[in-house]
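Enquirer: After the structure tokens below, expect a handful of questions from me.
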Amino acid sequence: QVQLVESGGGLVQAGGSLRLSCAASGSGFSILDMGWYRQAPGKQRELVAIAAFGGSTNYADSVKGRFAVSRDNAKNTVYLDMNKLKPEDTAVYYCNVQIPFRSYWGQGTQVTVSS
């Protein structure tokens, strides 16, 4: 069993920055991909960024050049550095961790960007 704890959400003005963190704990697992998704009110959950086990990263077009995903494998933690935030980035952000044959979600953290 994997437990995920997210932190770092909050309220920020447009143009500002935030850093999200997601730490995975438990035992007996090997983490594959780690990433972030978000869900705005009335919309479906969408991919934001993925940090793959092999080191590659993938981003939604809407965040390319503004967000950066990274991971610390020693700490089983994934980060999302969000810069130049826009009001349309407002959403609940969820981390996602893949292990062989299973996927786990964090509890979600609210990010609100005011104009």
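Chain lettering (A, B, ...) mirrors the order of the structure tokens, residue numbering begins at 1 for each chain separately, and ligand numbering begins at 1 in order of display.
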Please identify the strand (DSSP E or B) residues within segment 56-103 of chain A (assignment by DSSP from backbone atoms) and present them as a list in words.
Expert: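 The strand (DSSP E or B) subset of segment 56-103 of chain A is Thr57, Asn58, Tyr59, Phe67, Ala68, Val69, Ser70, Arg71, Asp72, Thr77, Val78, Tyr79, Leu80, Asp81, Met82, Ala91, Val92, Tyr93, Tyr94, Cys95, Asn96, Val97, Gln98, Ile99, Arg102 and Ser103 of chain A.
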Enquirer: Output N, CA and C atoms for every residue in the selection just made, as an mmCIF file, in the first residue's frame.
Expert:
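Final output, saved to out.cif:
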data_model
loop_
_atom_site.group_PDB
_atom_site.id
_atom_site.type_symbol
_atom_site.label_atom_id
_atom_site.label_comp_id
_atom_site.auth_asym_id
_atom_site.auth_seq_id
_atom_site.Cartn_x
_atom_site.Cartn_y
_atom_site.Cartn_z
ATOM 1 N N THR A 57 10.391 13.786 -19.100
ATOM 2 C CA THR A 57 9.249 14.539 -18.601
ATOM 3 C C THR A 57 8.289 14.832 -19.748
ATOM 4 N N ASN A 58 7.046 15.048 -19.390
ATOM 5 C CA ASN A 58 6.017 15.349 -20.379
ATOM 6 C C ASN A 58 5.074 16.373 -19.782
ATOM 7 N N TYR A 59 4.657 17.342 -20.590
ATOM 8 C CA TYR A 59 3.826 18.435 -20.086
ATOM 9 C C TYR A 59 2.610 18.658 -20.965
ATOM 10 N N PHE A 67 5.699 25.580 -16.102
ATOM 11 C CA PHE A 67 5.757 24.602 -15.022
ATOM 12 C C PHE A 67 6.948 23.670 -15.233
ATOM 13 N N ALA A 68 7.470 23.166 -14.123
ATOM 14 C CA ALA A 68 8.555 22.181 -14.187
ATOM 15 C C ALA A 68 8.297 21.080 -13.180
ATOM 16 N N VAL A 69 8.327 19.844 -13.647
ATOM 17 C CA VAL A 69 8.144 18.691 -12.771
ATOM 18 C C VAL A 69 9.506 18.065 -12.511
ATOM 19 N N SER A 70 9.709 17.613 -11.274
ATOM 20 C CA SER A 70 10.953 16.949 -10.915
ATOM 21 C C SER A 70 10.656 15.924 -9.835
ATOM 22 N N ARG A 71 11.589 15.028 -9.626
ATOM 23 C CA ARG A 71 11.398 13.993 -8.615
ATOM 24 C C ARG A 71 12.705 13.729 -7.895
ATOM 25 N N ASP A 72 12.577 13.346 -6.645
ATOM 26 C CA ASP A 72 13.708 12.925 -5.824
ATOM 27 C C ASP A 72 13.446 11.473 -5.476
ATOM 28 N N THR A 77 9.599 11.447 -3.726
ATOM 29 C CA THR A 77 8.848 12.697 -3.767
ATOM 30 C C THR A 77 8.878 13.285 -5.174
ATOM 31 N N VAL A 78 7.731 13.816 -5.572
ATOM 32 C CA VAL A 78 7.634 14.521 -6.847
ATOM 33 C C VAL A 78 7.238 15.959 -6.562
ATOM 34 N N TYR A 79 7.785 16.866 -7.356
ATOM 35 C CA TYR A 79 7.543 18.290 -7.181
ATOM 36 C C TYR A 79 6.947 18.879 -8.455
ATOM 37 N N LEU A 80 6.209 19.967 -8.281
ATOM 38 C CA LEU A 80 5.738 20.725 -9.426
ATOM 39 C C LEU A 80 5.990 22.203 -9.136
ATOM 40 N N ASP A 81 6.935 22.776 -9.857
ATOM 41 C CA ASP A 81 7.213 24.201 -9.744
ATOM 42 C C ASP A 81 6.369 24.927 -10.781
ATOM 43 N N MET A 82 5.517 25.800 -10.297
ATOM 44 C CA MET A 82 4.588 26.509 -11.163
ATOM 45 C C MET A 82 4.941 27.991 -11.157
ATOM 46 N N ALA A 91 -7.341 25.267 -9.927
ATOM 47 C CA ALA A 91 -7.857 23.902 -9.938
ATOM 48 C C ALA A 91 -7.409 23.190 -8.670
ATOM 49 N N VAL A 92 -7.958 22.009 -8.472
ATOM 50 C CA VAL A 92 -7.408 21.092 -7.470
ATOM 51 C C VAL A 92 -6.352 20.246 -8.183
ATOM 52 N N TYR A 93 -5.166 20.226 -7.622
ATOM 53 C CA TYR A 93 -4.051 19.490 -8.210
ATOM 54 C C TYR A 93 -3.856 18.184 -7.448
ATOM 55 N N TYR A 94 -3.752 17.099 -8.209
ATOM 56 C CA TYR A 94 -3.598 15.769 -7.641
ATOM 57 C C TYR A 94 -2.277 15.159 -8.116
ATOM 58 N N CYS A 95 -1.525 14.587 -7.200
ATOM 59 C CA CYS A 95 -0.365 13.829 -7.650
ATOM 60 C C CYS A 95 -0.799 12.393 -7.930
ATOM 61 N N ASN A 96 -0.055 11.764 -8.783
ATOM 62 C CA ASN A 96 -0.324 10.392 -9.179
ATOM 63 C C ASN A 96 0.984 9.625 -9.202
ATOM 64 N N VAL A 97 0.973 8.451 -8.621
ATOM 65 C CA VAL A 97 2.166 7.607 -8.566
ATOM 66 C C VAL A 97 1.813 6.238 -9.130
ATOM 67 N N GLN A 98 2.637 5.793 -10.043
ATOM 68 C CA GLN A 98 2.452 4.484 -10.671
ATOM 69 C C GLN A 98 3.463 3.501 -10.092
ATOM 70 N N ILE A 99 2.956 2.344 -9.660
ATOM 71 C CA ILE A 99 3.810 1.214 -9.326
ATOM 72 C C ILE A 99 3.352 0.070 -10.228
ATOM 73 N N ARG A 102 -0.486 -0.933 -10.379
ATOM 74 C CA ARG A 102 -1.350 -0.099 -9.548
ATOM 75 C C ARG A 102 -1.034 1.377 -9.780
ATOM 76 N N SER A 103 -2.049 2.184 -9.472
ATOM 77 C CA SER A 103 -1.910 3.630 -9.567
ATOM 78 C C SER A 103 -2.514 4.246 -8.315
#
Enquirer: As an NGL selection string, please: the residues near Ala40 of chain A (cut-off 12 Å, only C-alpha atoms, same-chain neighbours under 6 positions excluded).
Expert: :A and (46-47 or 87-94 or 108-113)
Enquirer: Using the selection just defined, write its residues with C-alpha atoms as a compact mmCIF listing (two decimals), in the first residue's frame.
Expert:
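So the final result, stored in part-v1.txt, reads:
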# COMPACT_ATOMS: atom_id res chain seq x y z
CA GLU A 46 -6.40 16.54 -16.97
CA LEU A 47 -2.72 15.75 -17.14
CA PRO A 87 -6.22 32.43 -13.41
CA GLU A 88 -6.98 29.49 -15.69
CA ASP A 89 -4.49 27.41 -13.69
CA THR A 90 -6.96 27.49 -10.80
CA ALA A 91 -7.86 23.90 -9.94
CA VAL A 92 -7.41 21.09 -7.47
CA TYR A 93 -4.05 19.49 -8.21
CA TYR A 94 -3.60 15.77 -7.64
CA GLY A 108 -5.60 16.92 -3.86
CA THR A 109 -4.44 20.42 -3.06
CA GLN A 110 -6.23 23.59 -4.10
CA VAL A 111 -4.41 26.14 -6.21
CA THR A 112 -6.22 29.44 -6.73
CA VAL A 113 -4.81 32.17 -8.96
Enquirer: Pick out the residues sitting within 6 Å of Ala51 of chain A, and hand them over as an MDAnalysis selection string; count only C-alpha atoms, and ignore anything fewer than 6 positions along from it in its own chain.
Expert: chainID A and resid 33:35 57
Enquirer: Kindly give the distance, in Å, that separates atom CA of Trp36 of chain A and atom CA of Glu6 of chain A, rounded to a single decimal.
Expert: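 Between atom CA of Trp36 of chain A and atom CA of Glu6 of chain A the gap is 10.6 Å.
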Enquirer: If you run DSSP over the backbone, which residues in chain A end up helix (DSSP H, G or I)? Put them as an MDAnalysis selection string.
Expert: chainID A and resid 61:63 87:89
Enquirer: Which residue, A:Lys64, A:Gln107, A:Gly26, A:Lys86, has the smallest gap to Gln13 of chain A when you use only C-alpha atoms?
Expert: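 Closest to Gln13 of chain A of all the choices is A:Lys86.
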Enquirer: Using only C-alpha atoms, which residue out of A:Leu85, A:Leu18, A:Ala23, A:Ala52 lies closest to Ser115 of chain A?
Expert: A:Leu85
Enquirer: One decimal, Å: what's the distance from atom CA of Lys75 of chain A over to atom CA of Leu20 of chain A, could you say?
Expert: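 If I compute the distance from atom CA of Lys75 of chain A to atom CA of Leu20 of chain A, I get 14.7 Å.
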Enquirer: Name the residues in contact with Pro100 of chain A at a cut-off of 8 Å, using only C-alpha atoms, excluding same-chain residues fewer than 3 positions from it; report them as a VMD selection string.
Expert: chain A and resid 30 to 32
